[in-house]
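Report on the structure given below.
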Amino acid sequence: MSGSIAEDSLSDGFFSDVLEGLDIALFERICSSRFRPIGRLPLWFKSFYSPVEHQQYDLAMQSAFLENFLIDAEAYWESPSDKRSGSRLASGVWSEGGETVARPLEAFALVAARRSLLAIVDLSSNFEDQRQVYQRARELALGQEKLALELSQKQRELQAALEQRVLNQESLEVIANTVAGNASAVLICDAMGRMQVANKALVDIFHIESGASGQRRSVLERWLQEAEGAYPEIKRVVTSGSYWEGEFESQGITGEKKWIRLNIGPVLDSEGTVSHYICIANDVTDVHYGNHGQERFEDVDPVTQLPNRHSFWRKITQLIEQATTQHQQLALYYVDLDHFKRVNDSLGHHAGDFLLNTFAARIAHCVKRTDIVAHLGGDEFAVVAQVKQLGNIETIAQRLLDSFIPPVTIDSTDFRLSASIGVALFPADGLDATTLMKHADLAMFHAKELGRNQCQFFKPAIGARFLNRLNLENDLEAAIQRGQFELYYQPQICLAEETFVRLEALIRWRHPEQGFISPAIFIPLAEESELIHKIGLWVLNTACAYAQQFAGQGIKVVVAVNVSACQARRKDFIDIVEQALQDSGLPPEQLEIEITETSFLEQMDEVVTMLSKLRRMGINVSLDDFGSGFSSLTYLKSLPVDNLKLDQTFVRELPDHEESRAITASVIRLAHDLKMNVIAEGVETVEQLDYLRQQGCDYVQGYYFYRPLPGDELPPIFDQIMEAGSIV
Amino acid sequence: MISKKICLIGSFAVGKTSLVRRFVTDGFDEKYQTTIGVKIDKKEVALADQTLQFVIWDLEGPDEFAELRTTYLRGASGYFLVIDATRPKTLEIALSLNQKVRETLNSVPFLLLINKTDLEAERRISREELQPCIEAGWSVMETSAKTGRNVEHAFEVLAQMLVDHAEARSL
């Protein structure tokens with residue numbers, strides 16, 4: 001139906017000549033619903049439609065499909081702009097007639113010689129061939145879809161089975177033998193990413209040289225790097241011990257590009273630390289290309305009905321291309337719900353989905369309809385807004401944060417969630433989608449670190465810090481084995497007479513390249529990665545052994561060990577302490593456990609029960625940093641503690657600061673009323689010491705007396721330590 | 001008799017044509033025959049106090065060969081969104097299609113049909129996964145064009161929804 005028919009002089013005769021031999025029914029529109037045939041009508045047409053009068057046809061009345069199409073055709077005929085020579089409007093294919101006599105037809109509206117024409121074409125001749133092509137293509141797509149589904153299921157099952165075997169501490173050699181012939185590529189790495197098991201499929205499909213140890217370590221790293229293009233958060237997810245699966249394009253060492261479906265399952269040991277990564281991979285290149293054309297229909301996330309990650313990725317790429325040519329600025333907001341996992345775990349997935357759905361709608365309301373809002377998966381959303389004025393960037397960020405303020409009601413209970421948001425700007429923070437996403441993700445992570453429920457903009461320093469942090473996390477894992485931790489001991493001076501030495505054990509990390517790293521930096525890292533349990537155990541064992549070594553010399557050393565909140569909440573914490581005492585031979589009364597107020601913030605009843613047991617065993621308990629946290633006096637009376645450690649922020653301001661004086665005096669009085677001792681931290685001047693002594697403080701600790709010292713420097717000064725309080 | 005146009009929308013091979021055939025002629029063909037373009041059928045549905053004639057537009061499932069032509073939806077009083085219980089992708093596609101349909105038809109009644117439920121062992125879309133749709137207020141029904149389960153009922157329910165919708169709008 002292409003070609004130019006534009007001359008006024010063309011007659012019905014001309015059309016009849018052209019149509020002769022073609023299976024086309026051609027009509028001229030007379031009025032809105034009436035059509036006059038031009039030339040002879042094909043027989044098939046007459047079997048479906050009948051003239052109403054004077055050989056005119058009311059096609060809208062006789063065909064529901066044409067009734068619909070003629071509305072568009074009418075607009076086409078009426079619109080002068082579309083009346084270009086040779087242009088036409090196609091209806092698409094429809095089947096006319098019952099099942100046995102159905103014919104595939106297609107109608108075209110066109111304008112020729114200033115006449116509004118309608119052509120109806122019988123497509124029967126080539127239709128079956130065309131249908132067969134579609135049929136085969138769709139059957140193939142169905143097969144591939146089924147294959148992908150089965151593959152995904154099998155990978156998950158294999159991953160879970162291997163995880164269980166690793167947890168059961170089966171020998172990796174045995175596991176390697178059993179997966180040797182598996183069709184899926186199996187890679188098991190240790191926590192550092194070093195390859196422990198690689199089966200034949202891994203070697204064959206991905207051309208991994210199983211013998212090359214240098215390359216061994218790079219397989220997981222290389223995959224992570226390649227997947228990062230589509231999943232910028234992958235490293236963070238995996239290194240934090242979470243399960244991940246997805247598909248990405250990989251360029252192997254041979255340069256050949258493949259699509260990989262990969263599952264990465266970190267195995268957590270009994271202390272919650274990653275011990276291994278189990279990776280199952282398959283080459284899904286064929287499946288991927290087979291389904292490529294369907295991607296546009298898989299755009300929507302089923303939970304939130306927002307565009308999903310695939311769709312978002314395509315949209316942001318297009319938007320960046322457009323912004324580049326039109327010199328526009330974009331702001332990418334990476335929104336992550338705070339503590340969403342807790343809700344999901346405690347209330348179930350339905351409630352979680354409901355929350356996601358609700359927040360998805362709220363987020364979408366924060367921006368214009370033309371901006372992009374997507375659900376990237378889990379509790380992560382992304383928003384891309386065009387920036388016309390710089391001030392709008394922060395306005396949108398604030399609007400997003402505010403959208404989380406109203407509670408969500410589930411089963412008559414109000415739930416409040418907040419979000420952490422990272423922002424990266426185009427072109428300032430990245431010129432491509434991958435960089436922009438990665439930087440927004442890092443900024444979001446930084447917002448989490450700063451206490452959540454806030455928005456942070458990407459700065460180059462954040463990226464550098466994160467890299468440094470990742471490196472530190474890796475180094476931390478090896479620090480125990482490599483003997484890089486040291487315990488220093490700071491004496492606690494009794495302001496009355498005492499016959500034993502009190503020491504607080506303080507950990508130090510001597511990093512081979514960076515020198516001493518402050519516990520303020522690595523302890524929070526260890527707490528997040530669960531390494532804290534290993535470190536805590538080492539501190540406890542080392543401190544007990546240190547204190548006990550002087551028993552033979554008749555010197556009684558009481559050692560205080562700091563215990564983090566997550567250690568204190570462990571169900572087997574009592575067993576761990578008992579074991580340490582048993583291994584070292586240290587009498588329980590020579591061990592003191594220092595815990596912070598934050599240990600009580602969650603699971604208070606459990607922590608109180610645990611501390612009571614410790615005290616019944618004869619172990620002393622100190623409440624550290626008292627005054628820096630919630631410091632509830634109501635709780636204080638019910639806490640099973642022997643000592644209060646007055647936070648150094650108050651001590652530092654003594655004796656000049658009136659409020660600190662008042663608080664210090666009150667705390668000492670209160671503690672004594674509750675039969676507790678008070679240990680003042682951070683004593684650095686004689687004035688501070690005098691004031692504390694006047695108030696009846698029991699112990700002091702600080703640079704005025706001794707800084708933390710290596711264990712071997714203390715024995716020569718034990719006598720001085722015991723007498724220090726009475727001398728000054 | 002009131003005539004109402006309805007559409008069947010969903011990914012390819014979810015059984016839209018089979019549902020129509022089961023409803024119109026009570027037939028079923030095990031072999032998959034892909035639809036090209038649009039097939040239009042008519043059938044009456046008797047309700048408690050009136051009879052409705054359905055003009056049923058069976059639309060080709062969109063894929064790389066064909067997009068959903070929203071002009072086909074014009075004038076529809078309701079529609080079936082059809083998915084295949086054995087293919088999770090068809091739910092995602094249906095949700096995507098539904099967005100397009102809502103932009104064209106606004107708030108006409110529709111039913112989400114989970115077809116091929118006779119293939120229970122191969123089922124990959126759990127009832128839990130459909131929960132968000134139900135919580136969003138969608139009407140959801142499990143069908144099997146093969147066994148005829150709920151097919152007639154689905155059309156009756158949609159017919160009643162159309163009548164109720166029309167009455168509500170006339171108030």
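Convention: chains lettered A, B, ... in structure tokens order; per-chain residue numbering from 1; ligands numbered from 1 as shown.
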
Using only C-alpha atoms, I'd like a table of the residues in chain A that come within 10 Å of chain B; for each, show the closest atom pair and its distance in Å rounded to one decimal, ordered by chain and ascending number, as a Markdown table.
| residue | atom | partner | partner_atom | distance |
| --- | --- | --- | --- | --- |
| A:Ser63 | CA | B:Ile40 | CA | 9.5 |
| A:Ala64 | CA | B:Ile40 | CA | 7.8 |
| A:Phe65 | CA | B:Ile40 | CA | 7.6 |
| A:Asn68 | CA | B:Tyr72 | CA | 7.2 |
| A:Phe69 | CA | B:Thr71 | CA | 8.0 |
| A:Ile71 | CA | B:Thr71 | CA | 9.5 |
| A:Asp72 | CA | B:Thr71 | CA | 8.2 |
| A:Ser91 | CA | B:Thr71 | CA | 9.3 |
| A:Gly92 | CA | B:Gly37 | CA | 6.5 |
| A:Val93 | CA | B:Gly37 | CA | 4.6 |
| A:Trp94 | CA | B:Val38 | CA | 4.5 |
| A:Ser95 | CA | B:Lys39 | CA | 5.3 |
| A:Glu96 | CA | B:Lys39 | CA | 7.5 |
| A:Gly97 | CA | B:Ile40 | CA | 8.7 |
| A:Gly98 | CA | B:Asp41 | CA | 8.1 |
| A:Glu99 | CA | B:Asp41 | CA | 9.5 |
| A:Ala102 | CA | B:Lys39 | CA | 9.3 |
| A:Pro104 | CA | B:Gly37 | CA | 8.5 |
| A:Leu105 | CA | B:Gly37 | CA | 9.4 |
| A:Glu106 | CA | B:Gly37 | CA | 9.3 |
| A:Phe127 | CA | B:Ile36 | CA | 9.1 |
| A:Gln130 | CA | B:Ile36 | CA | 9.0 |
| A:Arg131 | CA | B:Ile36 | CA | 6.8 |
| A:Gln132 | CA | B:Thr34 | CA | 8.6 |
| A:Tyr134 | CA | B:Thr34 | CA | 7.2 |
| A:Gln135 | CA | B:Thr34 | CA | 5.5 |
| A:Arg136 | CA | B:Thr34 | CA | 9.2 |
| A:Ala137 | CA | B:Phe65 | CA | 9.3 |
| A:Arg138 | CA | B:Phe12 | CA | 7.5 |
| A:Glu139 | CA | B:Tyr32 | CA | 8.5 |
| A:Ala141 | CA | B:Asp63 | CA | 9.7 |
| A:Leu142 | CA | B:Ala13 | CA | 8.1 |
| A:Glu145 | CA | B:Arg87 | CA | 7.9 |
| A:Lys146 | CA | B:Arg87 | CA | 7.6 |
| A:Leu149 | CA | B:Arg87 | CA | 8.3 |
| A:Asn291 | CA | B:Glu64 | CA | 8.8 |
| A:His292 | CA | B:Glu64 | CA | 8.4 |
| A:Gly293 | CA | B:Glu64 | CA | 4.7 |
| A:Gln294 | CA | B:Asp63 | CA | 5.6 |
| A:Glu295 | CA | B:Glu64 | CA | 8.7 |
| A:Arg296 | CA | B:Asp63 | CA | 8.5 |
| A:Phe297 | CA | B:Ile93 | CA | 5.1 |
| A:Glu298 | CA | B:Ile93 | CA | 5.3 |
| A:Asp299 | CA | B:Ser96 | CA | 6.4 |
| A:Val300 | CA | B:Ser96 | CA | 5.3 |
| A:Asp301 | CA | B:Glu92 | CA | 6.8 |
| A:Pro302 | CA | B:Glu92 | CA | 5.8 |
| A:Val303 | CA | B:Pro132 | CA | 6.3 |
| A:Thr304 | CA | B:Pro132 | CA | 8.6 |
| A:Gln305 | CA | B:Leu95 | CA | 6.9 |
| A:Leu306 | CA | B:Ser96 | CA | 9.0 |
| A:Pro307 | CA | B:Ser96 | CA | 8.6 |
| A:Asn308 | CA | B:Glu92 | CA | 9.9 |
| A:His349 | CA | B:Glu128 | CA | 9.2 |
| A:His350 | CA | B:Gln131 | CA | 7.4 |
| A:Ala351 | CA | B:Pro132 | CA | 9.8 |
| A:Asp353 | CA | B:Pro132 | CA | 7.1 |
| A:Phe354 | CA | B:Pro132 | CA | 7.1 |
| A:Asn357 | CA | B:Pro132 | CA | 8.4 |

Emit the selected residues as a compact mmCIF listing (two decimals), in the first residue's frame, including C-alpha atoms.
# COMPACT_ATOMS: atom_id res chain seq x y z
CA SER A 63 -17.64 -4.86 11.95
CA ALA A 64 -16.78 -4.14 15.55
CA PHE A 65 -13.13 -3.92 14.59
CA ASN A 68 -13.10 1.10 16.30
CA PHE A 69 -10.57 1.72 13.53
CA ILE A 71 -12.56 6.56 14.68
CA ASP A 72 -8.82 6.81 14.12
CA SER A 91 -5.39 -0.80 11.52
CA GLY A 92 -3.32 -3.84 12.42
CA VAL A 93 -4.45 -7.38 11.73
CA TRP A 94 -7.80 -8.77 12.75
CA SER A 95 -9.70 -11.93 12.01
CA GLU A 96 -13.07 -11.45 10.42
CA GLY A 97 -15.69 -14.20 10.40
CA GLY A 98 -16.24 -17.29 12.53
CA GLU A 99 -13.56 -19.81 13.39
CA ALA A 102 -11.99 -16.54 9.46
CA PRO A 104 -6.92 -12.21 8.46
CA LEU A 105 -7.55 -8.69 7.26
CA GLU A 106 -5.90 -5.34 7.63
CA PHE A 127 -0.53 -15.13 6.71
CA GLN A 130 3.95 -15.29 9.04
CA ARG A 131 1.94 -16.97 11.79
CA GLN A 132 4.26 -19.95 11.71
CA TYR A 134 5.59 -16.05 15.22
CA GLN A 135 4.48 -19.45 16.49
CA ARG A 136 7.99 -20.89 16.37
CA ALA A 137 9.54 -17.77 17.89
CA ARG A 138 7.07 -17.80 20.75
CA GLU A 139 7.47 -21.50 21.38
CA ALA A 141 10.78 -18.06 23.92
CA LEU A 142 8.53 -20.25 26.07
CA GLU A 145 11.69 -18.97 29.79
CA LYS A 146 11.11 -22.41 31.25
CA LEU A 149 13.21 -20.74 35.54
CA ASN A 291 14.57 -13.14 25.63
CA HIS A 292 16.16 -9.84 24.84
CA GLY A 293 13.19 -8.49 22.96
CA GLN A 294 10.87 -9.12 25.85
CA GLU A 295 12.69 -6.89 28.25
CA ARG A 296 10.42 -3.98 27.69
CA PHE A 297 7.48 -5.97 29.03
CA GLU A 298 9.30 -6.93 32.16
CA ASP A 299 9.63 -3.40 33.30
CA VAL A 300 7.47 -3.39 36.35
CA ASP A 301 8.27 -4.51 39.84
CA PRO A 302 5.34 -6.69 40.97
CA VAL A 303 5.32 -5.44 44.56
CA THR A 304 5.40 -1.69 44.03
CA GLN A 305 4.29 -1.50 40.41
CA LEU A 306 7.13 0.92 39.83
CA PRO A 307 9.68 0.41 37.07
CA ASN A 308 12.11 -2.30 38.14
CA HIS A 349 6.74 -10.50 53.94
CA HIS A 350 3.16 -9.42 53.38
CA ALA A 351 3.55 -6.55 55.81
CA ASP A 353 5.40 -5.69 50.79
CA PHE A 354 2.61 -3.48 52.04
CA ASN A 357 4.00 -0.43 48.29

Exercise. Using DSSP on the backbone, list every residue of range 261-350 of chain A that comes out as alpha helix (DSSP H), and give them as a PyMOL selection string.
Key: chain A and resi 285-291+309-326+340-347+349-350

Quiz item: Neighbours of Pro715 in chain A within 12 Å (only C-alpha atoms; same-chain residues fewer than 2 positions away dropped), as number ranges by chain?
Solution: A: 489, 491, 501, 503, 546-547, 549-550, 553, 555-557, 709-713, 717-722

Quiz item: In range 321-487 of chain A, what's strand (DSSP E or B) per DSSP? Answer as a ChimeraX atom specification?
Solution: /A:329-337,372-377,380-387,408-410,413-415,419-426,455-457,485-487

I'd like the neighbourhood of Leu19 in chain B as an mmCIF file with C-alpha atoms, in the first residue's frame, where a residue qualifies if any of its atoms comes within 9 Å (using only C-alpha atoms), though same-chain residues fewer than 6 positions away should be ignored.
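In the end it all went to selection-v5.cif:
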data_model
loop_
_atom_site.group_PDB
_atom_site.id
_atom_site.type_symbol
_atom_site.label_atom_id
_atom_site.label_comp_id
_atom_site.auth_asym_id
_atom_site.auth_seq_id
_atom_site.Cartn_x
_atom_site.Cartn_y
_atom_site.Cartn_z
ATOM 1 C CA PHE B 28 -10.351 -26.604 24.057
ATOM 2 C CA ASN B 115 -4.967 -19.435 34.099
ATOM 3 C CA THR B 143 -9.102 -20.490 35.961
ATOM 4 C CA SER B 144 -8.324 -23.372 33.687
ATOM 5 C CA ALA B 145 -9.385 -23.139 30.084
ATOM 6 C CA LYS B 146 -8.465 -26.810 29.805
ATOM 7 C CA GLY B 148 -13.239 -25.167 32.229
ATOM 8 C CA VAL B 151 -14.224 -19.794 33.021
#

Quiz item: What lies within 9 Å of Asp429 in chain A using only C-alpha atoms, ignoring chain neighbours under 2 positions off, as a ChimeraX atom specification?
Solution: /A:424-427,431,435-436,439-440,458-460

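Rounded to one decimal, CA of Ile280 in chain A and CA of Gln481 in chain A lie 29.1 Å from each other.
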
Practice problem: For range 381-395 of chain A, list every protein, DNA or RNA residue within 6 Å, evaluated using only C-alpha atoms, and leave out those in the same chain fewer than 6 positions away; present the list as a list of chain:residue names. | Solution: A:Gln329, A:Leu330, A:Ala331, A:Leu332, A:Tyr333, A:Tyr334, A:Val335, A:Asp371, A:Ile372, A:Val373, A:Ala374, A:His375

Limited to N, CA and C atoms, could you put the picked residues into a file as a PDB file, in the first residue's frame?
ATOM      1  N   GLN A 329      21.202  19.074  33.822  1.00  0.00           N
ATOM      2  CA  GLN A 329      21.729  18.462  35.045  1.00  0.00           C
ATOM      3  C   GLN A 329      20.692  17.486  35.586  1.00  0.00           C
ATOM      4  N   LEU A 330      21.187  16.406  36.161  1.00  0.00           N
ATOM      5  CA  LEU A 330      20.283  15.415  36.758  1.00  0.00           C
ATOM      6  C   LEU A 330      20.719  15.152  38.196  1.00  0.00           C
ATOM      7  N   ALA A 331      19.761  14.786  39.012  1.00  0.00           N
ATOM      8  CA  ALA A 331      20.078  14.367  40.385  1.00  0.00           C
ATOM      9  C   ALA A 331      19.550  12.958  40.574  1.00  0.00           C
ATOM     10  N   LEU A 332      20.435  12.063  40.977  1.00  0.00           N
ATOM     11  CA  LEU A 332      20.034  10.679  41.254  1.00  0.00           C
ATOM     12  C   LEU A 332      19.977  10.488  42.765  1.00  0.00           C
ATOM     13  N   TYR A 333      18.811  10.093  43.253  1.00  0.00           N
ATOM     14  CA  TYR A 333      18.615   9.843  44.691  1.00  0.00           C
ATOM     15  C   TYR A 333      18.516   8.335  44.899  1.00  0.00           C
ATOM     16  N   TYR A 334      19.399   7.822  45.716  1.00  0.00           N
ATOM     17  CA  TYR A 334      19.371   6.385  46.043  1.00  0.00           C
ATOM     18  C   TYR A 334      18.747   6.291  47.436  1.00  0.00           C
ATOM     19  N   VAL A 335      17.557   5.741  47.494  1.00  0.00           N
ATOM     20  CA  VAL A 335      16.790   5.741  48.755  1.00  0.00           C
ATOM     21  C   VAL A 335      16.776   4.327  49.338  1.00  0.00           C
ATOM     22  N   ASP A 371       9.782  12.673  35.948  1.00  0.00           N
ATOM     23  CA  ASP A 371      10.999  12.156  36.566  1.00  0.00           C
ATOM     24  C   ASP A 371      10.883  10.633  36.703  1.00  0.00           C
ATOM     25  N   ILE A 372      12.017  10.007  36.999  1.00  0.00           N
ATOM     26  CA  ILE A 372      12.012   8.537  37.095  1.00  0.00           C
ATOM     27  C   ILE A 372      11.973   8.116  38.565  1.00  0.00           C
ATOM     28  N   VAL A 373      11.063   7.225  38.875  1.00  0.00           N
ATOM     29  CA  VAL A 373      11.049   6.596  40.202  1.00  0.00           C
ATOM     30  C   VAL A 373      11.047   5.090  39.966  1.00  0.00           C
ATOM     31  N   ALA A 374      11.947   4.383  40.602  1.00  0.00           N
ATOM     32  CA  ALA A 374      12.032   2.939  40.360  1.00  0.00           C
ATOM     33  C   ALA A 374      12.278   2.193  41.660  1.00  0.00           C
ATOM     34  N   HIS A 375      11.833   0.959  41.684  1.00  0.00           N
ATOM     35  CA  HIS A 375      12.128   0.068  42.816  1.00  0.00           C
ATOM     36  C   HIS A 375      13.236  -0.874  42.362  1.00  0.00           C
TER      37      HIS A 375
END

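For the pair CA of Gly193 in chain A and CA of Ile260 in chain A, the interatomic distance is 18.7 Å.
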